[in-house]
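S.K.: See model.csv below, with CSV, C-alpha atoms.
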chain,number,residue,atom,x,y,z
F,36,MET,CA,-53.2,8.3,-9.4
F,37,SER,CA,-56.5,10.2,-9.5
F,38,VAL,CA,-58.0,11.4,-12.7
F,39,HIS,CA,-57.5,15.0,-11.7
F,40,ALA,CA,-53.8,14.5,-11.0
F,41,ASP,CA,-53.4,12.6,-14.2
F,42,VAL,CA,-54.9,15.4,-16.2
F,43,ALA,CA,-52.8,17.9,-14.4
F,44,ARG,CA,-49.7,15.9,-15.0
F,45,ARG,CA,-50.5,15.6,-18.7
F,46,ARG,CA,-51.0,19.3,-18.9
F,47,VAL,CA,-47.5,20.0,-17.5
F,48,GLU,CA,-46.0,17.5,-19.9
F,49,GLU,CA,-47.7,19.3,-22.8
F,50,LEU,CA,-46.4,22.6,-21.5
F,51,LEU,CA,-42.9,21.2,-21.1
F,52,ARG,CA,-42.9,19.9,-24.7
F,53,ALA,CA,-44.5,23.0,-26.2
F,54,HIS,CA,-42.2,25.5,-24.5
F,55,GLU,CA,-39.1,23.4,-24.5
F,56,GLU,CA,-36.8,26.0,-26.1
F,57,GLN,CA,-38.0,28.8,-23.9
F,58,ALA,CA,-37.9,26.7,-20.7
F,59,VAL,CA,-34.4,25.4,-21.4
F,60,ARG,CA,-33.1,28.9,-22.2
F,61,ARG,CA,-34.6,30.4,-19.0
F,62,TRP,CA,-33.4,27.4,-17.0
F,63,ALA,CA,-29.8,27.9,-18.3
F,64,GLU,CA,-30.0,31.6,-17.3
F,65,ILE,CA,-31.2,30.8,-13.8
F,66,ALA,CA,-28.8,27.9,-13.3
F,67,LYS,CA,-25.9,29.7,-15.0
F,68,ALA,CA,-25.1,26.6,-16.9
F,69,SER,CA,-24.7,25.7,-20.5
F,70,PRO,CA,-28.0,25.2,-22.4
F,71,GLU,CA,-26.6,22.0,-24.1
F,72,GLU,CA,-26.0,20.2,-20.8
F,73,LEU,CA,-29.4,21.2,-19.3
F,74,GLY,CA,-31.1,20.5,-22.7
F,75,GLU,CA,-29.9,16.9,-22.5
F,76,ILE,CA,-31.4,16.5,-19.0
F,77,TYR,CA,-34.5,18.2,-20.2
F,78,GLN,CA,-34.8,15.8,-23.1
F,79,ALA,CA,-34.2,12.8,-20.9
F,80,LEU,CA,-36.9,14.0,-18.5
F,81,LEU,CA,-39.3,14.5,-21.4
F,82,SER,CA,-38.8,11.1,-22.8
F,83,VAL,CA,-39.4,9.5,-19.4
F,84,LEU,CA,-42.6,11.5,-19.0
F,85,ASP,CA,-43.6,10.6,-22.6
F,86,GLU,CA,-43.5,6.9,-22.0
F,87,GLY,CA,-45.4,7.4,-18.8
F,88,ARG,CA,-42.7,5.6,-16.8
F,89,ASP,CA,-41.9,6.4,-13.2
F,90,ASP,CA,-38.3,5.2,-13.6
F,91,PHE,CA,-35.9,8.2,-13.8
F,92,ALA,CA,-32.7,6.2,-14.1
F,93,ASP,CA,-31.5,8.0,-17.2
F,94,VAL,CA,-32.3,11.4,-15.7
F,95,ARG,CA,-30.5,10.4,-12.5
F,96,GLY,CA,-27.5,9.2,-14.5
F,97,LEU,CA,-27.2,12.6,-16.2
F,98,LEU,CA,-27.7,14.4,-13.0
F,99,ALA,CA,-25.0,12.4,-11.3
F,100,ASP,CA,-22.7,13.4,-14.1
F,101,LEU,CA,-23.7,17.0,-13.7
F,102,SER,CA,-23.2,16.8,-10.0
F,103,ARG,CA,-19.7,15.2,-10.4
F,104,SER,CA,-18.5,17.6,-13.0
F,105,ARG,CA,-19.7,20.6,-11.0
F,106,ALA,CA,-18.1,19.2,-7.9
F,107,ARG,CA,-14.9,19.0,-9.7
F,108,ALA,CA,-15.3,22.5,-11.0
F,109,GLY,CA,-15.5,23.6,-7.4
F,110,TYR,CA,-19.2,24.3,-7.1
F,111,ALA,CA,-20.8,23.7,-3.7
F,112,PRO,CA,-23.4,20.9,-3.7
F,113,ALA,CA,-26.0,23.5,-2.8
F,114,ASP,CA,-25.3,25.3,-6.1
F,115,THR,CA,-25.8,22.2,-8.1
F,116,ALA,CA,-29.1,21.4,-6.3
F,117,ARG,CA,-30.1,25.1,-6.8
F,118,ALA,CA,-29.4,24.8,-10.5
F,119,VAL,CA,-31.7,21.8,-10.7
F,120,PHE,CA,-34.4,23.6,-8.8
F,121,GLY,CA,-34.1,26.4,-11.3
F,122,LEU,CA,-36.2,24.3,-13.7
F,123,LYS,CA,-39.2,25.0,-11.4
F,124,GLU,CA,-38.8,28.7,-11.8
F,125,ALA,CA,-38.3,28.3,-15.5
F,126,LEU,CA,-41.5,26.2,-15.8
F,127,TYR,CA,-43.4,28.5,-13.5
F,128,GLU,CA,-43.1,31.3,-16.0
F,129,VAL,CA,-44.6,29.0,-18.6
F,130,VAL,CA,-47.4,27.9,-16.3
F,131,GLU,CA,-48.2,31.5,-15.3
F,132,ALA,CA,-48.7,32.4,-18.9
F,133,ASP,CA,-50.9,29.3,-19.6
F,134,THR,CA,-54.6,29.8,-20.3
F,135,ASP,CA,-55.7,26.8,-18.4
F,136,GLY,CA,-54.3,28.0,-15.1
F,137,VAL,CA,-55.9,25.6,-12.6
F,138,GLU,CA,-54.9,22.4,-14.2
F,139,ALA,CA,-51.4,23.7,-14.9
F,140,ALA,CA,-51.0,24.9,-11.4
F,141,ARG,CA,-52.1,21.6,-10.0
F,142,GLY,CA,-49.7,19.8,-12.3
F,143,PHE,CA,-46.9,22.2,-11.3
F,144,ILE,CA,-47.2,21.0,-7.7
F,145,TRP,CA,-46.6,17.5,-8.9
F,146,PHE,CA,-43.7,18.6,-11.1
F,147,SER,CA,-42.2,20.6,-8.3
F,148,ARG,CA,-42.1,17.5,-6.1
F,149,LEU,CA,-40.4,15.6,-8.9
F,150,ILE,CA,-37.7,18.3,-9.3
F,151,ASP,CA,-37.2,18.4,-5.5
F,152,ASP,CA,-36.4,14.7,-5.6
F,153,LEU,CA,-34.0,15.1,-8.5
F,154,GLY,CA,-32.3,18.1,-6.9
F,155,LEU,CA,-31.8,16.2,-3.6
F,156,PHE,CA,-30.5,13.3,-5.7
F,157,THR,CA,-27.6,15.5,-6.9
F,158,PHE,CA,-26.9,16.3,-3.3
F,159,GLU,CA,-26.8,12.6,-2.4
F,160,THR,CA,-24.5,11.9,-5.3
F,161,TYR,CA,-22.2,14.5,-4.0
F,162,ALA,CA,-22.3,13.2,-0.5
F,163,ASP,CA,-21.7,9.6,-1.7
F,164,ALA,CA,-18.7,10.7,-3.7
F,165,ARG,CA,-17.3,12.6,-0.7
F,166,GLU,CA,-17.9,9.6,1.5
F,167,LYS,CA,-16.0,7.4,-0.8
F,168,ILE,CA,-13.0,9.7,-1.0
F,169,ILE,CA,-12.9,9.9,2.8
F,170,LEU,CA,-13.0,6.1,3.1
F,171,ASP,CA,-10.3,5.7,0.5
F,172,GLN,CA,-8.1,8.2,2.3
F,173,ALA,CA,-8.6,6.6,5.7
F,174,GLU,CA,-7.5,3.3,4.2
F,175,GLN,CA,-4.5,4.9,2.5
F,176,LEU,CA,-3.6,6.6,5.8
F,177,LEU,CA,-3.7,3.2,7.6
F,178,GLU,CA,-1.4,1.7,5.0
F,179,LEU,CA,1.0,4.6,4.7
F,180,SER,CA,1.4,5.6,8.3
F,181,THR,CA,3.0,2.4,9.6
F,182,PRO,CA,6.4,1.7,8.2
F,183,VAL,CA,8.7,-0.7,9.9
F,184,VAL,CA,12.3,0.3,9.2
F,185,LYS,CA,15.5,-1.6,9.8
F,186,LEU,CA,17.9,0.5,11.8
F,187,TRP,CA,20.7,-2.0,12.1
F,188,GLU,CA,21.3,-5.7,12.0
F,189,ASN,CA,18.7,-7.2,14.3
F,190,ILE,CA,17.2,-3.8,15.2
F,191,VAL,CA,14.0,-2.5,13.7
F,192,ALA,CA,12.1,0.7,14.4
F,193,VAL,CA,8.5,1.7,14.1
F,194,PRO,CA,8.1,5.5,13.9
F,195,LEU,CA,4.5,6.1,14.9
F,196,VAL,CA,2.9,9.3,13.6
F,197,GLY,CA,-0.6,10.4,14.5
F,198,THR,CA,-3.1,9.3,16.9
F,199,LEU,CA,-3.2,5.6,17.9
F,200,ASP,CA,-6.6,3.9,17.9
F,201,SER,CA,-7.4,0.2,18.1
F,202,ALA,CA,-7.5,-0.3,14.3
F,203,ARG,CA,-4.1,1.3,13.8
F,204,THR,CA,-2.6,-0.5,16.7
F,205,GLN,CA,-3.7,-3.7,15.2
F,206,VAL,CA,-2.1,-2.8,11.9
F,207,VAL,CA,1.1,-1.7,13.6
F,208,MET,CA,1.2,-4.7,15.8
F,209,GLU,CA,0.7,-7.2,13.0
F,210,LYS,CA,3.3,-5.4,10.8
F,211,LEU,CA,5.9,-5.2,13.5
F,212,LEU,CA,5.5,-8.9,14.5
F,213,GLN,CA,5.6,-10.0,10.9
F,214,THR,CA,8.8,-8.0,10.4
F,215,LEU,CA,10.3,-9.7,13.5
F,216,VAL,CA,9.5,-13.1,11.9
F,217,ASP,CA,10.9,-12.1,8.5
F,218,THR,CA,14.1,-10.4,9.7
F,219,GLY,CA,14.7,-12.2,12.9
F,220,ALA,CA,15.3,-8.9,14.6
F,221,GLU,CA,15.7,-9.1,18.4
F,222,HIS,CA,15.2,-5.5,19.2
F,223,ALA,CA,12.3,-3.3,18.2
F,224,VAL,CA,12.2,0.4,18.9
F,225,ILE,CA,8.7,2.0,19.0
F,226,ASP,CA,9.1,5.7,18.5
F,227,ILE,CA,6.2,7.8,19.6
F,228,THR,CA,7.6,11.2,18.8
F,229,GLY,CA,4.8,11.7,16.3
F,230,VAL,CA,2.0,10.7,18.6
F,231,PRO,CA,0.4,13.9,19.7
F,232,ALA,CA,-1.1,12.6,23.0
F,233,VAL,CA,-0.9,9.5,25.1
F,234,ASP,CA,-3.9,8.6,27.2
F,235,THR,CA,-4.7,5.4,29.0
F,236,GLN,CA,-6.0,3.8,25.9
F,237,VAL,CA,-3.0,4.6,23.7
F,238,ALA,CA,-0.8,3.4,26.5
F,239,GLN,CA,-2.8,0.2,26.7
F,240,HIS,CA,-2.3,-0.3,22.9
F,241,LEU,CA,1.5,0.3,23.3
F,242,LEU,CA,1.7,-2.1,26.1
F,243,LYS,CA,-0.1,-4.8,24.1
F,244,THR,CA,2.3,-4.4,21.2
F,245,VAL,CA,5.3,-4.6,23.5
F,246,VAL,CA,4.0,-7.7,25.3
F,247,ALA,CA,3.2,-9.4,22.0
F,248,ALA,CA,6.7,-8.7,20.6
F,249,ARG,CA,8.1,-10.0,23.9
F,250,LEU,CA,6.1,-13.2,23.5
F,251,MET,CA,7.8,-13.7,20.2
F,252,GLY,CA,11.2,-13.3,21.7
F,253,ALA,CA,12.0,-9.7,20.8
F,254,GLU,CA,12.8,-6.9,23.1
F,255,CYS,CA,10.8,-3.6,22.7
F,256,ILE,CA,12.0,-0.2,23.6
F,257,ILE,CA,9.6,2.8,23.6
F,258,SER,CA,11.3,6.0,22.6
F,259,GLY,CA,10.4,9.6,21.7
F,260,ILE,CA,8.6,10.4,25.0
F,261,ARG,CA,8.3,14.1,25.2
F,262,PRO,CA,8.4,15.9,28.5
F,263,GLN,CA,4.6,16.7,28.5
F,264,ILE,CA,3.8,13.1,27.6
F,265,ALA,CA,6.0,11.8,30.4
F,266,HIS,CA,4.1,14.1,32.7
F,267,THR,CA,0.7,12.9,31.4
F,268,ILE,CA,1.7,9.3,31.7
F,269,VAL,CA,2.8,9.7,35.3
F,270,THR,CA,-0.2,11.8,36.2
F,271,LEU,CA,-2.5,9.2,34.7
F,272,GLY,CA,-0.7,6.5,36.8
F,273,ILE,CA,0.1,4.4,33.8
F,274,GLU,CA,2.7,1.7,34.6
F,275,PHE,CA,5.1,0.7,31.9
F,276,GLY,CA,6.6,-1.9,34.3
F,277,ASP,CA,9.9,-3.2,33.1
F,278,ILE,CA,9.6,-1.9,29.6
F,279,VAL,CA,12.6,0.2,28.6
F,280,THR,CA,11.6,3.7,27.8
F,281,LYS,CA,14.0,6.3,26.3
F,282,ALA,CA,13.7,10.0,25.6
F,283,SER,CA,14.9,9.9,22.0
F,284,LEU,CA,15.4,7.4,19.2
F,285,ALA,CA,19.1,7.9,19.5
F,286,ASP,CA,19.1,6.7,23.1
F,287,ALA,CA,17.0,3.8,22.2
F,288,LEU,CA,19.4,2.8,19.4
F,289,ALA,CA,22.3,3.1,21.8
F,290,HIS,CA,20.5,0.9,24.3
F,291,ALA,CA,19.8,-1.7,21.6
F,292,PHE,CA,23.4,-1.6,20.5
F,293,ARG,CA,24.5,-2.2,24.1
F,294,ARG,CA,22.1,-5.1,24.5
F,295,SER,CA,23.1,-6.8,21.3
F,296,GLY,CA,26.8,-6.4,22.0
F,297,PHE,CA,27.7,-3.7,19.5
F,298,GLN,CA,30.2,-1.0,20.5
F,299,VAL,CA,30.1,2.5,19.2
F,300,SER,CA,33.4,4.2,19.3
F,301,GLY,CA,34.2,7.8,18.7
F,302,GLY,CA,31.5,9.3,20.9
F,303,GLY,CA,31.9,10.7,24.3
F,304,GLY,CA,32.9,14.2,25.4
F,305,ALA,CA,32.1,17.4,23.6
F,306,HIS,CA,33.5,17.8,20.2
F,307,VAL,CA,33.4,20.5,17.6
F,308,ALA,CA,32.5,19.8,14.0
F,309,ILE,CA,34.9,21.4,11.6
F,310,ARG,CA,34.1,21.6,7.9
F,311,ALA,CA,37.3,21.0,6.0
F,312,GLU,CA,37.4,22.7,2.7
F,313,ARG,CA,39.8,21.8,0.0
F,314,VAL,CA,41.2,24.5,-2.1
T,107,MET,CA,-4.6,-38.9,21.8
T,108,GLN,CA,-1.3,-37.8,20.2
T,109,ARG,CA,1.7,-37.6,22.4
T,110,VAL,CA,4.2,-34.9,21.7
T,111,PRO,CA,7.8,-36.2,21.5
T,112,VAL,CA,10.5,-34.9,23.9
T,113,LEU,CA,13.9,-34.8,22.2
T,114,LYS,CA,17.2,-34.7,24.0
T,115,LEU,CA,20.1,-32.7,22.7
T,116,GLY,CA,23.0,-32.5,25.1
T,117,ASP,CA,21.6,-31.3,28.3
T,118,VAL,CA,18.8,-29.5,26.6
T,119,LEU,CA,15.3,-31.0,25.9
T,120,ILE,CA,13.5,-29.9,22.8
T,121,VAL,CA,9.8,-30.2,22.5
T,122,SER,CA,8.5,-29.4,19.0
T,123,ILE,CA,4.7,-29.2,18.9
T,124,GLN,CA,3.6,-30.1,15.4
T,125,VAL,CA,-0.1,-30.8,16.0
T,126,ASP,CA,-3.1,-28.9,17.2
T,127,LEU,CA,-3.0,-29.4,20.9
T,128,GLU,CA,-5.8,-31.1,22.7
T,129,ASP,CA,-6.2,-30.6,26.4
T,130,GLN,CA,-5.3,-34.2,27.1
T,131,SER,CA,-2.1,-34.2,25.1
T,132,VAL,CA,-1.1,-31.0,26.9
T,133,LEU,CA,-1.5,-32.6,30.3
T,134,ALA,CA,0.4,-35.6,29.0
T,135,LEU,CA,3.2,-33.4,27.8
T,136,GLN,CA,3.5,-31.7,31.1
T,137,GLU,CA,4.0,-35.1,32.8
T,138,ASP,CA,6.4,-36.4,30.2
T,139,LEU,CA,8.5,-33.3,30.2
T,140,ALA,CA,8.8,-33.2,34.0
T,141,GLU,CA,9.9,-36.8,34.0
T,142,ALA,CA,12.3,-36.3,31.2
T,143,VAL,CA,13.9,-33.3,32.9
T,144,VAL,CA,14.5,-35.3,36.0
T,145,ALA,CA,15.6,-38.4,34.1
T,146,HIS,CA,18.2,-36.6,31.9
T,147,GLY,CA,19.1,-33.9,34.4
T,148,ALA,CA,18.4,-31.3,31.7
T,149,LYS,CA,19.4,-27.8,32.3
T,150,GLY,CA,17.3,-26.2,29.6
T,151,VAL,CA,14.0,-26.8,27.9
T,152,ILE,CA,13.0,-25.4,24.5
T,153,ILE,CA,9.4,-25.5,23.4
T,154,ASP,CA,9.0,-24.9,19.7
T,155,ILE,CA,5.6,-23.7,18.7
T,156,THR,CA,6.3,-22.6,15.2
T,157,ALA,CA,3.6,-24.9,13.8
T,158,VAL,CA,1.0,-23.9,16.3
T,159,GLU,CA,-1.6,-21.7,14.7
T,160,ILE,CA,-4.4,-21.7,17.3
T,161,VAL,CA,-4.0,-21.1,21.0
T,162,ASP,CA,-6.5,-20.7,23.8
T,163,SER,CA,-6.1,-19.6,27.3
T,164,PHE,CA,-5.6,-23.2,28.5
T,165,ILE,CA,-2.5,-23.6,26.2
T,166,GLY,CA,-1.3,-20.2,27.2
T,167,ARG,CA,-1.5,-21.2,30.9
T,168,MET,CA,0.1,-24.5,30.1
T,169,LEU,CA,3.2,-22.8,28.7
T,170,ALA,CA,3.5,-20.7,31.9
T,171,THR,CA,3.0,-23.8,34.1
T,172,ILE,CA,5.6,-25.8,32.2
T,173,ALA,CA,8.1,-22.9,32.6
T,174,SER,CA,7.6,-22.7,36.3
T,175,MET,CA,7.6,-26.4,36.7
T,176,CYS,CA,10.9,-26.8,34.9
T,177,GLY,CA,12.2,-23.8,36.9
T,178,MET,CA,11.6,-25.8,40.0
T,179,LEU,CA,13.6,-28.6,38.5
T,180,ASP,CA,16.4,-26.1,37.7
T,181,ALA,CA,15.9,-26.1,34.0
T,182,GLN,CA,15.4,-22.8,32.1
T,183,THR,CA,12.5,-22.8,29.7
T,184,VAL,CA,12.5,-20.9,26.4
T,185,VAL,CA,9.4,-20.8,24.1
T,186,VAL,CA,10.5,-20.3,20.5
T,187,GLY,CA,8.9,-19.5,17.2
T,188,MET,CA,5.6,-18.0,18.3
T,189,ARG,CA,3.6,-16.7,15.4
T,190,PRO,CA,2.4,-13.1,15.3
T,191,ALA,CA,-1.2,-14.2,15.3
T,192,VAL,CA,-0.6,-16.4,18.3
T,193,ALA,CA,1.2,-13.6,20.2
T,194,ILE,CA,-1.6,-11.2,19.5
T,195,THR,CA,-4.2,-13.7,20.7
T,196,LEU,CA,-2.3,-14.4,23.9
T,197,VAL,CA,-2.1,-10.6,24.5
T,198,GLU,CA,-5.8,-10.2,23.9
T,199,LEU,CA,-6.5,-13.0,26.3
T,200,GLY,CA,-4.5,-11.1,28.9
T,201,LEU,CA,-1.8,-13.7,29.1
T,202,SER,CA,1.6,-12.1,29.0
T,203,LEU,CA,3.5,-15.3,30.1
T,204,ASN,CA,5.5,-13.5,32.7
T,205,GLY,CA,8.5,-15.5,33.7
T,206,VAL,CA,8.6,-17.4,30.4
T,207,ARG,CA,11.6,-16.6,28.2
T,208,THR,CA,11.0,-16.4,24.5
T,209,ALA,CA,13.1,-16.4,21.3
T,210,LEU,CA,12.3,-15.9,17.7
T,211,ASN,CA,13.5,-19.3,16.5
T,212,LEU,CA,15.1,-22.4,17.7
T,213,GLU,CA,18.6,-21.2,16.9
T,214,LYS,CA,18.1,-18.0,18.9
T,215,GLY,CA,16.6,-20.1,21.7
T,216,VAL,CA,19.6,-22.3,21.9
T,217,ALA,CA,21.8,-19.2,21.9
T,218,LEU,CA,19.7,-17.7,24.7
T,219,LEU,CA,20.0,-20.8,26.9
T,220,ASP,CA,23.8,-20.8,26.3
T,221,HIS,CA,24.0,-17.2,27.3
T,222,LEU,CA,21.8,-17.7,30.4
T,223,ARG,CA,24.0,-20.6,31.5
T,224,SER,CA,27.3,-18.7,31.0
T,225,ALA,CA,25.8,-15.8,32.9
T,226,ALA,CA,24.8,-18.0,35.8
T,227,SER,CA,28.1,-19.8,36.1
Could you take the file, read its structure, and then write that structure out as structure tokens?

M.R.:
Amino acid sequence: MSVHADVARRRVEELLRAHEEQAVRRWAEIAKASPEELGEIYQALLSVLDEGRDDFADVRGLLADLSRSRARAGYAPADTARAVFGLKEALYEVVEADTDGVEAARGFIWFSRLIDDLGLFTFETYADAREKIILDQAEQLLELSTPVVKLWENIVAVPLVGTLDSARTQVVMEKLLQTLVDTGAEHAVIDITGVPAVDTQVAQHLLKTVVAARLMGAECIISGIRPQIAHTIVTLGIEFGDIVTKASLADALAHAFRRSGFQVSGGGGAHVAIRAERV
Amino acid sequence: MQRVPVLKLGDVLIVSIQVDLEDQSVLALQEDLAEAVVAHGAKGVIIDITAVEIVDSFIGRMLATIASMCGMLDAQTVVVGMRPAVAITLVELGLSLNGVRTALNLEKGVALLDHLRSAAS
């Protein structure tokens, strides 16, 4: 650091210390935040400058807290950053009133850069926190969205909801196959009612799952194919080969019943449901 | 080289693979099995791969080859006890083992053979 810059920096430090009360009050006004909270940051900043260190870990820690609490309170990250930038304005008023204008102005440039860094840091903290939430949610979604349910003795179903990508297919496949091992089920129904669109890639994923289940000795039925999806599949020229496909989960269950030798009685023909009321 | 034993149960041959397969033992198994099918006049072959954790394309093809070989000798082949990881690997390798029958475990494999035979007769 050159001698000039050093002198200028010291001048700003002196000003910061001399006009602490005024600066914090003005800063709090500009930032619309509590003077206590900002005073704490101000103190931390001062002590770092006092010791002549370039390590702003304490200040950053406080700013991270500020960023988090403000994010929780519903402030936009830009507001938080703007609040931090407010210190520049507060200090500028002090610098303007200073007698030794040149040194102070030169020091102000240095100080301004420092505050910019710190302001951007709050933004980073905010982005990091957001990123973490998104990652956590993606993970939870992956876990939540793939239940394998037992429909009947030897019949399991996988109701798929949401778009199928490679990662999810992998999870679904592993879970389904493991369930087949655990329960010894011979029929698996993959219900795609909740899958918004089927393209070649999704179809490929479905086929892989079916073939893997077949390799393990279980029969797969794909159900829940909506009219538009049937149209798309045919238009794309996707071949499901000898894989059984049904329009609804009920049809698939009926098919599985037939294949495993169960008989369902009582169906057939139109019937009217009557609600019997006891008096 | 370890040889895989071929067990006879009625007119069904049971091959339980308990070791990690080398290419040599796989080739030996194919020969042994073909001879055993002819010698015993077996009508069904069950290959139990419950203990197999790692497969490659060679072993995948071997299963298909054995199945079609036994088919030529009029014996139905059922592969039983495939682990999920193995099934996924075979699918990723693009081997769907068409023409090979599969069952979840040995018990279901025997039941499947019985069912196939009663359907054929």

S.K.: Pick the closest to F:Leu81 from F:His266, F:Arg60, F:Lys67, F:Arg52: which is it, counting only C-alpha atoms?

M.R.: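 Closest residue, counting only C-alpha atoms: F:Arg52.
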
S.K.: Work out how far atom CA of T:Gly187 is from atom CA of F:Leu211, in Å to one decimal.

M.R.: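 Value for the atom CA of F:Leu211-atom CA of T:Gly187 distance: 15.1 Å.
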
S.K.: In Å, rounded to a single decimal, give me how far atom CA of F:Leu51 is from atom CA of F:Arg103.

M.R.: 26.2 Å

S.K.: Using Å and a single decimal, report how far atom CA of F:Arg203 sits from atom CA of F:Val233.

M.R.: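 For atom CA of F:Val233 relative to atom CA of F:Arg203, the distance reads 14.3 Å.
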
S.K.: Listing only residues of chain T within 8 Å of chain F, what is the closest atom pair and its distance in Å (to one decimal) for each, using all atoms listed in the file, sorted by chain and residue number ascending, as CSV?

M.R.:
residue,atom,partner,partner_atom,distance
T:Val186,CA,F:Gly252,CA,7.1
T:Gly187,CA,F:Met251,CA,6.6
T:Met188,CA,F:Met251,CA,5.2
T:Arg189,CA,F:Met251,CA,7.0
T:Pro190,CA,F:Leu212,CA,5.3
T:Ala191,CA,F:Glu209,CA,7.6
T:Ala193,CA,F:Ala247,CA,5.0
T:Ile194,CA,F:Ala247,CA,5.7
T:Leu196,CA,F:Ala247,CA,7.7
T:Val197,CA,F:Ala247,CA,6.0
T:Glu198,CA,F:Lys243,CA,7.9
T:Ser202,CA,F:Val246,CA,6.2
T:Leu203,CA,F:Leu250,CA,7.4
T:Arg207,CA,F:Gly252,CA,7.3
T:Thr208,CA,F:Gly252,CA,4.2
T:Ala209,CA,F:Gly252,CA,3.7
T:Leu210,CA,F:Gly252,CA,4.9

S.K.: Taking 5 positions as the minimum chain separation for residues in the same chain, which residues sit within 10 Å of T:Val206 when counting all atoms listed in the file? Answer as a list in words.

M.R.: Arg249, Leu250 and Gly252 of chain F; Leu169, Ala170, Thr171, Ile172, Ala173, Ser174, Gly177, Gln182, Thr183, Val184 and Val185 of chain T

S.K.: Excluding stretch 138-154 of chain T and its own-chain neighbours fewer than 6 positions away, which residues fall within 9 Å of it when counting only C-alpha atoms? Please give them as number ranges by chain.

M.R.: T: 110-112, 114, 116-124, 169, 172-173, 175-176, 179-188, 211-212, 215-216, 219, 223

S.K.: Restore N, CA and C atoms in stretch 188-199 of chain T and list the result as a compact mmCIF listing (two decimals), in the frame of the given file.

M.R.:
# COMPACT_ATOMS: atom_id res chain seq x y z
N MET T 188 7.04 -18.35 18.22
CA MET T 188 5.60 -18.00 18.30
C MET T 188 5.22 -17.16 17.11
N ARG T 189 4.09 -17.51 16.51
CA ARG T 189 3.60 -16.70 15.40
C ARG T 189 2.99 -15.44 15.81
N PRO T 190 3.03 -14.43 14.94
CA PRO T 190 2.40 -13.10 15.30
C PRO T 190 0.96 -13.28 15.74
N ALA T 191 0.19 -14.07 14.98
CA ALA T 191 -1.20 -14.20 15.30
C ALA T 191 -1.41 -14.80 16.71
N VAL T 192 -0.53 -15.76 17.03
CA VAL T 192 -0.60 -16.40 18.30
C VAL T 192 -0.26 -15.39 19.43
N ALA T 193 0.80 -14.61 19.18
CA ALA T 193 1.20 -13.60 20.20
C ALA T 193 0.08 -12.61 20.42
N ILE T 194 -0.56 -12.16 19.33
CA ILE T 194 -1.60 -11.20 19.50
C ILE T 194 -2.80 -11.82 20.26
N THR T 195 -3.11 -13.08 19.94
CA THR T 195 -4.20 -13.70 20.70
C THR T 195 -3.92 -13.82 22.15
N LEU T 196 -2.69 -14.22 22.49
CA LEU T 196 -2.30 -14.40 23.90
C LEU T 196 -2.45 -13.00 24.62
N VAL T 197 -2.00 -11.95 23.92
CA VAL T 197 -2.10 -10.60 24.50
C VAL T 197 -3.55 -10.23 24.76
N GLU T 198 -4.36 -10.51 23.72
CA GLU T 198 -5.80 -10.20 23.90
C GLU T 198 -6.44 -10.96 24.98
N LEU T 199 -5.94 -12.18 25.20
CA LEU T 199 -6.50 -13.00 26.30
C LEU T 199 -5.98 -12.52 27.65
